[in-house]
>>> print(open('start_28.txt').read())   # compact mmCIF, C-alpha atoms and all ligand atoms
# COMPACT_ATOMS: atom_id res chain seq x y z
CA MET A 1 11.71 29.37 0.99
CA ALA A 2 12.13 26.10 -0.85
CA ILE A 3 11.54 22.56 0.28
CA SER A 4 14.72 20.69 -0.37
CA VAL A 5 14.92 16.92 -0.36
CA PRO A 6 17.98 14.82 -1.05
CA GLN A 7 17.61 12.31 -3.89
CA ILE A 8 17.89 8.88 -2.32
CA HIS A 9 16.76 6.53 -5.07
CA LYS A 10 18.93 5.51 -7.99
CA PRO A 11 16.32 4.05 -10.35
CA HIS A 12 17.44 1.26 -12.69
CA ALA A 13 16.81 2.80 -16.13
CA PRO A 14 14.47 5.73 -15.66
CA LEU A 15 13.05 7.64 -18.61
CA ASP A 16 14.60 11.08 -18.74
CA TYR A 17 12.69 14.33 -18.97
CA GLU A 18 12.99 14.59 -22.77
CA SER A 19 11.54 11.09 -23.16
CA TRP A 20 8.61 11.96 -20.88
CA ARG A 21 8.02 15.17 -22.87
CA LYS A 22 7.71 13.09 -26.04
CA VAL A 23 5.43 10.56 -24.34
CA LEU A 24 3.12 13.31 -23.11
CA ALA A 25 3.30 15.59 -26.17
CA ASN A 26 -0.25 14.81 -27.35
CA GLU A 27 -1.82 14.17 -23.98
CA ARG A 28 -4.09 16.47 -22.03
CA LEU A 29 -2.52 17.33 -18.68
CA PRO A 30 -2.86 16.62 -15.81
CA ALA A 31 -2.24 12.97 -16.59
CA ALA A 32 -1.11 10.02 -14.50
CA VAL A 33 1.44 7.64 -15.96
CA VAL A 34 2.89 4.26 -15.09
CA ASP A 35 6.30 3.21 -16.33
CA LEU A 36 5.39 -0.42 -17.00
CA ASP A 37 9.02 -1.47 -17.36
CA ALA A 38 9.82 -0.21 -13.86
CA PHE A 39 6.55 -1.69 -12.57
CA ASP A 40 7.42 -5.12 -14.00
CA ARG A 41 10.91 -4.93 -12.52
CA ASN A 42 9.33 -4.17 -9.13
CA VAL A 43 6.98 -7.16 -9.48
CA ALA A 44 9.98 -9.39 -10.28
CA HIS A 45 12.03 -7.86 -7.48
CA PHE A 46 9.54 -8.71 -4.70
CA ALA A 47 9.10 -12.22 -6.10
CA SER A 48 12.87 -12.69 -6.03
CA LEU A 49 13.01 -11.79 -2.34
CA LEU A 50 10.91 -14.83 -1.59
CA ARG A 51 12.95 -17.23 -3.61
CA ALA A 52 16.02 -15.99 -1.78
CA GLY A 53 14.53 -16.80 1.65
CA ALA A 54 13.08 -20.02 2.92
CA GLY A 55 10.09 -18.49 4.73
CA VAL A 56 6.89 -17.19 3.19
CA SER A 57 5.77 -18.86 -0.02
CA ARG A 58 3.08 -16.46 -1.29
CA LEU A 59 2.74 -12.73 -1.85
CA ARG A 60 -0.66 -11.07 -1.71
CA PRO A 61 -0.85 -7.71 -3.52
CA ALA A 62 -2.70 -4.98 -1.57
CA THR A 63 -5.33 -3.35 -3.79
CA LYS A 64 -5.46 -0.14 -1.73
CA SER A 65 -1.97 0.67 -2.97
CA ILE A 66 -2.86 0.12 -6.66
CA ARG A 67 -6.60 0.71 -7.31
CA VAL A 68 -6.23 -0.15 -11.01
CA PRO A 69 -7.64 -3.60 -11.84
CA GLU A 70 -5.48 -4.01 -14.96
CA LEU A 71 -2.30 -3.53 -12.92
CA MET A 72 -3.55 -5.94 -10.26
CA ARG A 73 -4.22 -8.49 -13.02
CA ARG A 74 -0.75 -7.90 -14.44
CA ILE A 75 0.91 -8.75 -11.10
CA LEU A 76 -1.17 -11.91 -10.65
CA ALA A 77 -0.54 -12.96 -14.27
CA SER A 78 3.18 -13.03 -13.49
CA GLY A 79 2.40 -16.20 -11.50
CA ALA A 80 3.92 -17.58 -8.30
CA PRO A 81 4.53 -16.35 -5.66
CA TYR A 82 1.69 -13.89 -6.31
CA GLN A 83 -1.68 -15.16 -5.18
CA GLY A 84 -4.96 -13.52 -4.22
CA LEU A 85 -5.56 -9.90 -3.27
CA MET A 86 -5.74 -7.97 -0.03
CA CYS A 87 -8.80 -5.75 -0.42
CA TYR A 88 -9.77 -2.71 1.61
CA ALA A 89 -13.54 -3.02 1.49
CA ALA A 90 -16.14 -5.78 1.34
CA GLN A 91 -17.96 -4.14 -1.58
CA GLU A 92 -14.65 -3.97 -3.40
CA ALA A 93 -14.04 -7.70 -2.85
CA ALA A 94 -17.53 -8.45 -4.16
CA TRP A 95 -16.88 -6.38 -7.28
CA LEU A 96 -13.49 -8.01 -7.82
CA ALA A 97 -15.07 -11.46 -7.47
CA GLU A 98 -17.54 -10.48 -10.19
CA GLN A 99 -14.58 -9.58 -12.42
CA GLY A 100 -13.09 -13.04 -11.94
CA PHE A 101 -10.56 -12.33 -9.16
CA ASP A 102 -10.38 -14.95 -6.42
CA ASP A 103 -8.79 -15.53 -3.01
CA LEU A 104 -9.79 -12.16 -1.61
CA LEU A 105 -8.89 -11.07 1.89
CA VAL A 106 -10.78 -8.02 3.16
CA ALA A 107 -8.22 -6.68 5.60
CA TYR A 108 -10.32 -4.08 7.39
CA PRO A 109 -13.27 -5.19 9.54
CA THR A 110 -16.92 -4.42 8.95
CA VAL A 111 -20.16 -5.63 10.52
CA GLN A 112 -22.51 -3.75 8.16
CA PRO A 113 -25.25 -6.03 6.82
CA ALA A 114 -24.73 -4.73 3.25
CA ASP A 115 -21.05 -5.70 3.45
CA ILE A 116 -21.69 -9.15 4.89
CA ALA A 117 -24.34 -9.72 2.21
CA ALA A 118 -21.85 -8.67 -0.50
CA LEU A 119 -19.24 -11.12 0.80
CA ARG A 120 -21.79 -13.90 0.96
CA LEU A 121 -22.80 -13.17 -2.61
CA ALA A 122 -19.15 -13.36 -3.72
CA GLN A 123 -18.94 -16.70 -1.93
CA GLU A 124 -22.13 -17.97 -3.58
CA ARG A 125 -20.62 -17.06 -6.93
CA GLY A 126 -17.70 -19.38 -6.15
CA ALA A 127 -15.02 -16.94 -4.95
CA THR A 128 -13.16 -17.25 -1.66
CA ALA A 129 -13.66 -13.99 0.20
CA ARG A 130 -12.38 -13.86 3.77
CA LEU A 131 -13.04 -11.03 6.19
CA VAL A 132 -10.65 -9.79 8.86
CA VAL A 133 -12.18 -9.52 12.34
CA ASP A 134 -10.72 -8.53 15.67
CA SER A 135 -13.17 -9.37 18.45
CA LEU A 136 -15.72 -11.96 19.47
CA PRO A 137 -18.67 -9.53 19.67
CA SER A 138 -18.03 -8.47 16.04
CA VAL A 139 -17.82 -12.07 14.92
CA GLU A 140 -21.07 -12.84 16.72
CA ARG A 141 -22.76 -9.98 14.85
CA ILE A 142 -21.41 -11.28 11.57
CA ALA A 143 -22.42 -14.87 12.34
CA SER A 144 -25.96 -13.76 13.18
CA GLN A 145 -26.29 -12.41 9.63
CA VAL A 146 -25.59 -15.74 8.00
CA PRO A 147 -28.84 -17.71 7.57
CA ALA A 148 -29.12 -21.25 8.95
CA GLY A 149 -27.99 -23.77 6.37
CA ALA A 150 -25.87 -21.22 4.45
CA ALA A 151 -22.13 -21.76 4.03
CA PRO A 152 -20.19 -20.18 6.91
CA LEU A 153 -18.30 -16.97 6.14
CA PRO A 154 -14.52 -17.40 6.51
CA VAL A 155 -13.04 -14.89 8.95
CA VAL A 156 -9.40 -14.09 9.73
CA LEU A 157 -8.39 -12.86 13.17
CA GLU A 158 -6.20 -9.77 13.24
CA VAL A 159 -3.68 -9.83 16.07
CA ASP A 160 -2.09 -6.59 17.24
CA MET A 161 1.60 -6.56 16.36
CA SER A 162 2.47 -3.21 17.89
CA LEU A 163 5.48 -2.83 20.14
CA ARG A 164 4.17 -2.21 23.64
CA MET A 165 6.21 -1.32 26.69
CA LEU A 166 5.58 -0.33 30.30
CA GLY A 167 2.41 -2.39 30.50
CA GLY A 168 0.93 -0.82 27.39
CA ARG A 169 1.61 2.80 28.37
CA ILE A 170 3.93 3.03 25.37
CA HIS A 171 2.25 1.76 22.22
CA LEU A 172 4.29 1.90 19.02
CA GLY A 173 2.15 0.80 16.12
CA VAL A 174 -1.37 1.16 14.82
CA ARG A 175 -4.60 1.06 16.81
CA ARG A 176 -6.38 -1.88 15.28
CA SER A 177 -6.91 -5.10 17.20
CA PRO A 178 -7.44 -5.62 20.95
CA VAL A 179 -6.15 -9.20 20.58
CA ARG A 180 -2.44 -9.17 21.36
CA THR A 181 -1.46 -12.32 23.27
CA VAL A 182 -1.25 -16.02 22.44
CA GLU A 183 -3.81 -16.72 25.18
CA GLN A 184 -6.31 -14.28 23.66
CA VAL A 185 -5.83 -15.87 20.24
CA VAL A 186 -6.45 -19.36 21.61
CA GLU A 187 -9.54 -18.14 23.51
CA PHE A 188 -10.85 -16.48 20.37
CA PHE A 189 -10.43 -19.66 18.30
CA ALA A 190 -12.19 -21.71 20.98
CA ALA A 191 -15.15 -19.34 21.25
CA ALA A 192 -15.52 -18.38 17.57
CA GLY A 193 -15.13 -22.03 16.58
CA LYS A 194 -18.48 -22.76 18.26
CA LEU A 195 -20.35 -20.16 16.22
CA ARG A 196 -22.52 -21.29 13.36
CA GLY A 197 -22.28 -18.89 10.44
CA VAL A 198 -18.54 -18.26 10.50
CA ARG A 199 -15.41 -20.33 10.05
CA VAL A 200 -12.12 -19.07 11.52
CA ALA A 201 -9.75 -19.43 8.57
CA GLY A 202 -6.56 -17.77 9.68
CA ILE A 203 -4.58 -15.00 11.28
CA MET A 204 -3.35 -11.62 10.10
CA GLY A 205 -0.62 -9.81 12.03
CA TYR A 206 0.42 -6.55 10.39
CA GLU A 207 3.53 -4.91 11.83
CA ALA A 208 2.71 -1.32 10.84
CA GLN A 209 5.52 0.14 12.95
CA VAL A 210 7.98 -1.65 10.64
CA ALA A 211 6.14 -1.73 7.32
CA GLY A 212 4.91 1.85 7.58
CA LEU A 213 7.85 3.55 9.25
CA GLY A 214 10.80 4.67 7.15
CA ASP A 215 14.20 5.03 8.78
CA ARG A 216 15.68 7.43 6.19
CA ASN A 217 13.01 10.09 6.08
CA PRO A 218 14.68 13.36 5.03
CA PHE A 219 11.76 15.32 6.51
CA LYS A 220 12.13 13.73 9.96
CA LYS A 221 15.87 13.37 10.29
CA TRP A 222 15.96 13.38 14.08
CA ILE A 223 13.38 10.58 14.23
CA ASN A 224 15.29 8.27 11.87
CA PRO A 225 17.58 6.68 14.51
CA ILE A 226 14.56 6.09 16.76
CA ALA A 227 12.61 4.68 13.82
CA GLY A 228 15.54 2.36 13.09
CA TRP A 229 15.50 1.15 16.69
CA ILE A 230 11.72 0.63 16.68
CA ARG A 231 11.97 -1.32 13.43
CA ARG A 232 14.72 -3.62 14.71
CA ALA A 233 13.12 -4.22 18.12
CA SER A 234 9.72 -4.83 16.54
CA MET A 235 10.94 -7.29 13.94
CA ARG A 236 12.30 -9.49 16.72
CA SER A 237 9.22 -9.31 18.96
CA VAL A 238 6.77 -9.61 16.06
CA ALA A 239 8.50 -12.72 14.68
CA ARG A 240 8.51 -14.26 18.18
CA LEU A 241 4.80 -13.59 18.74
CA ARG A 242 3.80 -14.88 15.32
CA GLU A 243 5.81 -18.06 15.86
CA GLN A 244 4.24 -18.60 19.30
CA ILE A 245 0.75 -18.12 17.88
CA GLN A 246 1.35 -20.61 15.10
CA ARG A 247 2.76 -23.19 17.57
CA ALA A 248 -0.13 -22.76 20.02
CA LEU A 249 -2.74 -23.17 17.29
CA GLU A 250 -0.95 -26.16 15.83
CA GLN A 251 -0.94 -27.81 19.26
CA ARG A 252 -4.71 -27.31 19.42
CA GLY A 253 -5.04 -29.01 16.04
CA GLU A 254 -6.16 -25.85 14.25
CA THR A 255 -5.24 -25.72 10.57
CA LEU A 256 -4.71 -22.22 9.29
CA GLU A 257 -5.65 -21.54 5.68
CA LEU A 258 -3.49 -18.45 5.89
CA PHE A 259 -1.23 -16.55 8.25
CA ASN A 260 -0.58 -13.12 6.75
CA GLY A 261 1.92 -10.47 7.76
CA GLY A 262 4.02 -7.66 6.44
CA GLY A 263 3.95 -4.94 3.87
CA THR A 264 6.36 -3.28 1.47
CA GLY A 265 8.39 -1.64 4.22
CA SER A 266 8.94 -4.87 6.16
CA ILE A 267 9.00 -7.47 3.39
CA THR A 268 12.72 -8.16 3.64
CA SER A 269 12.26 -9.49 7.18
CA THR A 270 8.65 -10.75 7.00
CA ALA A 271 9.51 -12.94 4.01
CA LEU A 272 11.92 -14.94 6.18
CA GLU A 273 9.35 -16.11 8.75
CA PRO A 274 8.49 -19.78 8.04
CA TRP A 275 5.39 -19.76 10.28
CA LEU A 276 3.70 -17.22 7.96
CA THR A 277 2.04 -18.59 4.84
CA GLU A 278 2.07 -15.26 3.03
CA ALA A 279 3.13 -11.63 3.09
CA THR A 280 1.46 -8.56 1.66
CA VAL A 281 3.04 -6.11 -0.76
CA GLY A 282 1.25 -3.11 -2.23
CA SER A 283 3.00 0.23 -2.37
CA GLY A 284 6.27 -1.22 -3.63
CA PHE A 285 4.88 -1.95 -7.10
CA LEU A 286 4.24 1.68 -8.01
CA CYS A 287 6.74 2.90 -5.41
CA SER A 288 5.44 6.24 -4.21
CA HIS A 289 8.04 8.56 -2.72
CA LEU A 290 7.46 7.57 0.96
CA PHE A 291 9.10 4.27 0.04
CA ASP A 292 12.34 6.04 -0.84
CA TYR A 293 12.75 6.55 2.89
CA TYR A 294 13.34 2.92 3.90
CA SER A 295 16.86 1.53 4.09
CA ASN A 296 15.56 -1.92 3.05
CA VAL A 297 13.21 -1.07 0.16
CA ARG A 298 14.72 -1.43 -3.30
CA SER A 299 11.85 -0.83 -5.70
CA GLU A 300 11.90 1.82 -8.44
CA PRO A 301 9.55 4.76 -8.91
CA ALA A 302 6.97 3.57 -11.45
CA CYS A 303 4.06 5.98 -11.13
CA PHE A 304 3.98 9.72 -11.75
CA PHE A 305 1.58 12.49 -12.50
CA ALA A 306 2.27 15.25 -14.99
CA LEU A 307 1.06 18.82 -14.66
CA GLN A 308 1.45 21.55 -17.24
CA VAL A 309 3.22 24.81 -16.54
CA VAL A 310 0.62 27.55 -16.97
CA ARG A 311 2.28 30.75 -15.76
CA LYS A 312 5.57 32.40 -14.87
CA SER A 313 5.14 35.20 -12.37
CA ASP A 314 8.81 35.86 -11.56
CA ALA A 315 12.22 34.87 -12.77
CA GLY A 316 13.06 31.49 -11.25
CA TYR A 317 9.43 30.44 -10.78
CA ALA A 318 6.97 28.43 -12.83
CA THR A 319 3.44 27.59 -11.80
CA CYS A 320 1.59 24.41 -12.73
CA LEU A 321 -2.13 23.75 -12.89
CA GLY A 322 -3.29 21.25 -10.23
CA GLY A 323 -1.23 19.08 -7.92
CA GLY A 324 -2.64 19.27 -4.40
CA PHE A 325 -2.84 15.53 -3.93
CA ILE A 326 -1.81 15.33 -0.28
CA ALA A 327 -1.48 11.85 1.19
CA SER A 328 -3.28 10.48 4.25
CA GLY A 329 -1.55 9.84 7.57
CA GLU A 330 0.25 12.08 10.03
CA PRO A 331 0.34 15.49 8.28
CA GLY A 332 3.75 16.68 7.14
CA TRP A 333 5.93 17.57 4.16
CA ASP A 334 6.58 13.91 3.53
CA LYS A 335 2.87 13.54 2.63
CA VAL A 336 3.10 16.14 -0.14
CA PRO A 337 3.85 15.24 -3.78
CA ARG A 338 7.47 15.71 -4.84
CA PRO A 339 8.54 17.29 -8.12
CA TYR A 340 10.42 14.58 -10.03
CA LEU A 341 11.35 15.81 -13.51
CA PRO A 342 12.88 17.98 -14.77
CA ALA A 343 15.41 17.60 -12.00
CA GLY A 344 16.11 20.39 -9.57
CA LEU A 345 12.59 21.79 -9.15
CA LYS A 346 11.48 22.63 -5.64
CA LEU A 347 8.17 23.32 -3.98
CA VAL A 348 7.61 26.71 -2.42
CA SER A 349 7.16 26.15 1.31
CA THR A 350 4.51 28.85 1.73
CA GLU A 351 2.23 27.27 -0.89
CA GLY A 352 3.19 23.62 -1.26
CA CYS A 353 1.03 21.73 -3.74
CA GLY A 354 -2.06 23.89 -4.12
CA GLU A 355 -5.75 23.20 -4.50
CA VAL A 356 -5.63 24.45 -8.10
CA GLN A 357 -2.07 25.61 -8.75
CA THR A 358 1.42 24.56 -7.69
CA PRO A 359 4.26 27.08 -7.94
CA LEU A 360 7.79 25.74 -8.30
CA LEU A 361 11.23 27.17 -7.86
CA VAL A 362 13.14 26.59 -11.08
CA PRO A 363 16.95 26.48 -11.13
CA GLU A 364 18.69 28.99 -13.41
CA SER A 365 19.83 26.20 -15.73
CA GLN A 366 16.22 25.27 -16.55
CA SER A 367 13.67 27.11 -18.62
CA LEU A 368 10.12 25.93 -18.23
CA GLU A 369 7.71 27.60 -20.63
CA PRO A 370 3.92 27.46 -20.34
CA GLY A 371 2.72 24.13 -21.70
CA ALA A 372 5.79 22.22 -20.52
CA PRO A 373 5.03 19.13 -18.44
CA VAL A 374 6.37 18.67 -14.92
CA LEU A 375 6.36 15.19 -13.42
CA PHE A 376 5.62 14.60 -9.74
CA ARG A 377 5.50 11.59 -7.46
CA HIS A 378 2.71 11.07 -4.95
CA ALA A 379 3.64 10.18 -1.36
CA LYS A 380 1.33 7.15 -1.30
CA ALA A 381 0.89 4.56 -4.00
CA GLY A 382 -2.88 4.07 -4.21
CA GLU A 383 -4.32 7.46 -3.43
CA LEU A 384 -3.29 9.05 -6.73
CA ALA A 385 -5.84 6.80 -8.44
CA GLU A 386 -8.63 8.72 -6.69
CA HIS A 387 -7.65 11.81 -8.74
CA PHE A 388 -7.47 10.27 -12.23
CA ASP A 389 -9.85 8.24 -14.38
CA GLU A 390 -7.05 6.39 -16.12
CA TYR A 391 -3.34 5.71 -15.95
CA LEU A 392 -1.35 5.96 -19.17
CA LEU A 393 0.77 2.83 -19.47
CA VAL A 394 4.21 3.55 -20.86
CA SER A 395 6.80 1.06 -22.03
CA ASP A 396 10.02 1.72 -23.86
CA GLY A 397 9.19 5.41 -24.04
CA GLU A 398 5.77 4.93 -25.68
CA ILE A 399 2.19 4.82 -24.52
CA VAL A 400 1.13 1.20 -24.90
CA GLY A 401 -2.21 1.29 -23.10
CA ARG A 402 -4.65 3.10 -20.86
CA ALA A 403 -5.88 1.45 -17.69
CA PRO A 404 -8.97 2.75 -15.90
CA THR A 405 -8.65 3.38 -12.18
CA TYR A 406 -11.43 2.45 -9.75
CA ARG A 407 -12.50 6.08 -10.07
CA GLY A 408 -12.56 5.80 -13.86
CA LEU A 409 -14.76 2.72 -13.52
CA GLY A 410 -17.15 4.70 -11.31
CA LEU A 411 -16.16 2.74 -8.20
CA CYS A 412 -15.87 4.49 -4.85
CA PHE A 413 -15.60 2.02 -2.00
CA ILE A 414 -14.68 4.04 1.06
CA GLY A 415 -15.05 7.62 -0.14
C1 LIG A 501 -3.26 -4.96 6.77
C2 LIG A 501 -2.19 -4.36 5.95
N1 LIG A 501 -1.27 -5.17 5.40
C3 LIG A 501 -0.27 -4.68 4.64
C4 LIG A 501 -0.16 -3.32 4.42
C5 LIG A 501 1.02 -2.83 3.61
O1 LIG A 501 0.69 -2.27 2.40
P1 LIG A 501 1.82 -1.60 1.51
O2 LIG A 501 2.70 -2.67 1.00
O3 LIG A 501 1.05 -0.90 0.44
O4 LIG A 501 2.57 -0.64 2.37
C6 LIG A 501 -1.08 -2.44 4.99
C7 LIG A 501 -0.93 -0.99 4.81
O5 LIG A 501 -1.53 -0.16 5.42
C8 LIG A 501 -2.13 -2.98 5.78
O6 LIG A 501 -3.04 -2.19 6.36
>>> encode(input="start_28.txt", output="structure tokens")
Amino acid sequence: MAISVPQIHKPHAPLDYESWRKVLANERLPAAVVDLDAFDRNVAHFASLLRAGAGVSRLRPATKSIRVPELMRRILASGAPYQGLMCYAAQEAAWLAEQGFDDLLVAYPTVQPADIAALRLAQERGATARLVVDSLPSVERIASQVPAGAAPLPVVLEVDMSLRMLGGRIHLGVRRSPVRTVEQVVEFFAAAGKLRGVRVAGIMGYEAQVAGLGDRNPFKKWINPIAGWIRRASMRSVARLREQIQRALEQRGETLELFNGGGTGSITSTALEPWLTEATVGSGFLCSHLFDYYSNVRSEPACFFALQVVRKSDAGYATCLGGGFIASGEPGWDKVPRPYLPAGLKLVSTEGCGEVQTPLLVPESQSLEPGAPVLFRHAKAGELAEHFDEYLLVSDGEIVGRAPTYRGLGLCFIG
């Protein structure tokens, strides 16, 4: 049985299979590649969404969806509206500060002393490193780790943006913050504002049930109309809540250094909210295949991995070495890599992408001999970097550079 997926994307000017064969002719496979031309077009595309709207003025790239410092630098070097980075770990932010990156927002809470110490060190070295928090007890623990007389650590309150109905019995969204009303936000600011050791610098409200929920998922066809409804209903309620929060804090005289929202899957609506100072984009730059399944996402596939064909057991089959790079999240076929080129290849449903080998169904029109490369796309944008030491950077059909991943640099922040 084959896994069959309709082709949704129409990339702008994708390299064809013969071009990729030439690019990879002298490379050891498996290899991971970035089409820099497509990547740059994606960077320009998200920037253009902001200029079109009159809402958010800055875009913060999410490092978790890239994990290659050179690519992160490339986005920031393109200038406004890109500013700062959304990091996934305190140790990561500290390392990035050492490398000269600034305006770092650690979007996932921690109270570990080693993490707080790392953020304080980054701050002492002159970088702005803010930490997302979601409850007063956590903030008190953090504050207690900042010595008297030291500069307070800037913290950003995460507010739950999930869509809740029937008094919370239906919860559509992620399980992150217990703070979900304007009153709770105001209470938090009042209480945390009295703590020595921290400074409340802003708000983050991430609408995961919009940004992380595709409405054209070919693997979950029956859910798509429901997903579409959840997305539309959420965008309205999320925008309303974020506006109310901003108004309430303004009335109290609080000045927010940042109010962050959004992600690749919601950027077209998040970007229009004037009460937000910034939106996050990560996955859209490399555009992993999950982002084909959003009616509003227009970025091009820019990152691939190439495996070599190593055996042919039967007519109509070819087997590649490697490939089992399954993505995190709710398990399913949409979390499995997709064969990309040559066109027409299909995974075998009984094996999928294997621990060591990946068999493929090959159409009659194709002949794939041992040694031939097959290109795949990962479901998620950042996780591929955990499997490769470097990404080959390709422009105009030629390798123009090699960029080490975090893994290639020996960095492992959350395992
Ligand atoms: C806090 C936060 N913001 C934004 C995003 C969106 O990231 P991306 O654009 O890579 O989907 C995520 C993804 O999980 C997130 O956790």
>>> closest_residue(input="start_28.txt", among="A:Lys221, A:Arg60, A:Arg74, A:Lys335", to="Asp40 (chain A)", atoms="only C-alpha atoms")
A:Arg74
>>> residues_near_ligand(input="start_28.txt", ligand="ligand LIG 501 (chain A)", cutoff="6 Å", atoms="only C-alpha atoms and all ligand atoms", output="ChimeraX atom specification")
/A:62,65,107,206,262-264,280-283
>>> closest_residue(input="start_28.txt", among="A:Leu290, A:Ala122, A:Ala77, A:Leu347", to="Gln91 (chain A)", atoms="all atoms listed in the file")
A:Ala122
>>> atom_distance(input="start_28.txt", atom1="CA of Arg125 (chain A)", atom2="CA of Ile414 (chain A)")
23.3 Å
>>> closest_residue(input="start_28.txt", among="A:Ala44, A:Ala151, A:Ile75, A:Val310", to="Arg298 (chain A)", atoms="only C-alpha atoms")
A:Ala44
>>> residues_around(input="start_28.txt", residues="Lys194 (chain A)", least_positions_apart="5", cutoff="12 Å", atoms="only C-alpha atoms", output="MDAnalysis selection string")
chainID A and resid 136 139:140 143 152 187:189 199:200
>>> closest_residue(input="start_28.txt", among="A:Gln145, A:Ser138, A:Gln308, A:Ser162", to="Val356 (chain A)", atoms="only C-alpha atoms")
A:Gln308
>>> residues_near_point(input="start_28.txt", point="(-2.5, 7.4, -23.3)", cutoff="9 Å", atoms="only C-alpha atoms", output="compact mmCIF listing (two decimals) with C-alpha atoms, keeping the file's coordinate frame")
# COMPACT_ATOMS: atom_id res chain seq x y z
CA VAL A 23 5.43 10.56 -24.34
CA LEU A 24 3.12 13.31 -23.11
CA ASN A 26 -0.25 14.81 -27.35
CA GLU A 27 -1.82 14.17 -23.98
CA ALA A 31 -2.24 12.97 -16.59
CA VAL A 33 1.44 7.64 -15.96
CA GLU A 390 -7.05 6.39 -16.12
CA TYR A 391 -3.34 5.71 -15.95
CA LEU A 392 -1.35 5.96 -19.17
CA LEU A 393 0.77 2.83 -19.47
CA VAL A 394 4.21 3.55 -20.86
CA GLU A 398 5.77 4.93 -25.68
CA ILE A 399 2.19 4.82 -24.52
CA VAL A 400 1.13 1.20 -24.90
CA GLY A 401 -2.21 1.29 -23.10
CA ARG A 402 -4.65 3.10 -20.86
CA ALA A 403 -5.88 1.45 -17.69
>>> closest_residue(input="start_28.txt", among="A:Pro337, A:Gly202, A:Gly371, A:Gly322", to="Leu258 (chain A)", atoms="all atoms listed in the file")
A:Gly202
>>> atom_distance(input="start_28.txt", atom1="CA of Leu213 (chain A)", atom2="CA of Lys380 (chain A)")
12.9 Å
>>> residues_near_point(input="start_28.txt", point="(10.8, -6.1, 16.6)", cutoff="12 Å", atoms="all atoms listed in the file", output="VMD selection string")
chain A and resid 161 to 164 172 to 173 207 to 211 227 to 242 266 269 to 270
>>> axis_aligned_box(input="start_28.txt", around="region 324-340 of chain A", padding_each_side="8 Å", output="AutoDock Vina command-line options")
--center_x 3.6 --center_y 14.6 --center_z 0.0 --size_x 29.7 --size_y 25.4 --size_z 36.1
>>> closest_residue(input="start_28.txt", among="A:Cys320, A:Leu71, A:Leu360, A:Leu59", to="Thr277 (chain A)", atoms="only C-alpha atoms")
A:Leu59
>>> atom_distance(input="start_28.txt", atom1="CA of Ala248 (chain A)", atom2="CA of Ala54 (chain A)")
21.8 Å
>>> residues_around(input="start_28.txt", residues="Tyr293 (chain A)", least_positions_apart="2", cutoff="7 Å", atoms="all atoms listed in the file", output="list of chain:residue names")
A:Gly214, A:Asp215, A:Arg216, A:Asn217, A:Leu290, A:Phe291, A:Ser295
>>> residues_around(input="start_28.txt", residues="Ser288 (chain A)", least_positions_apart="2", cutoff="12 Å", atoms="all atoms listed in the file", output="count of residues only")
41
>>> residues_around(input="start_28.txt", residues="Arg176 (chain A)", least_positions_apart="5", cutoff="9 Å", atoms="only C-alpha atoms", output="PyMOL selection string")
chain A and resi 134+158-160
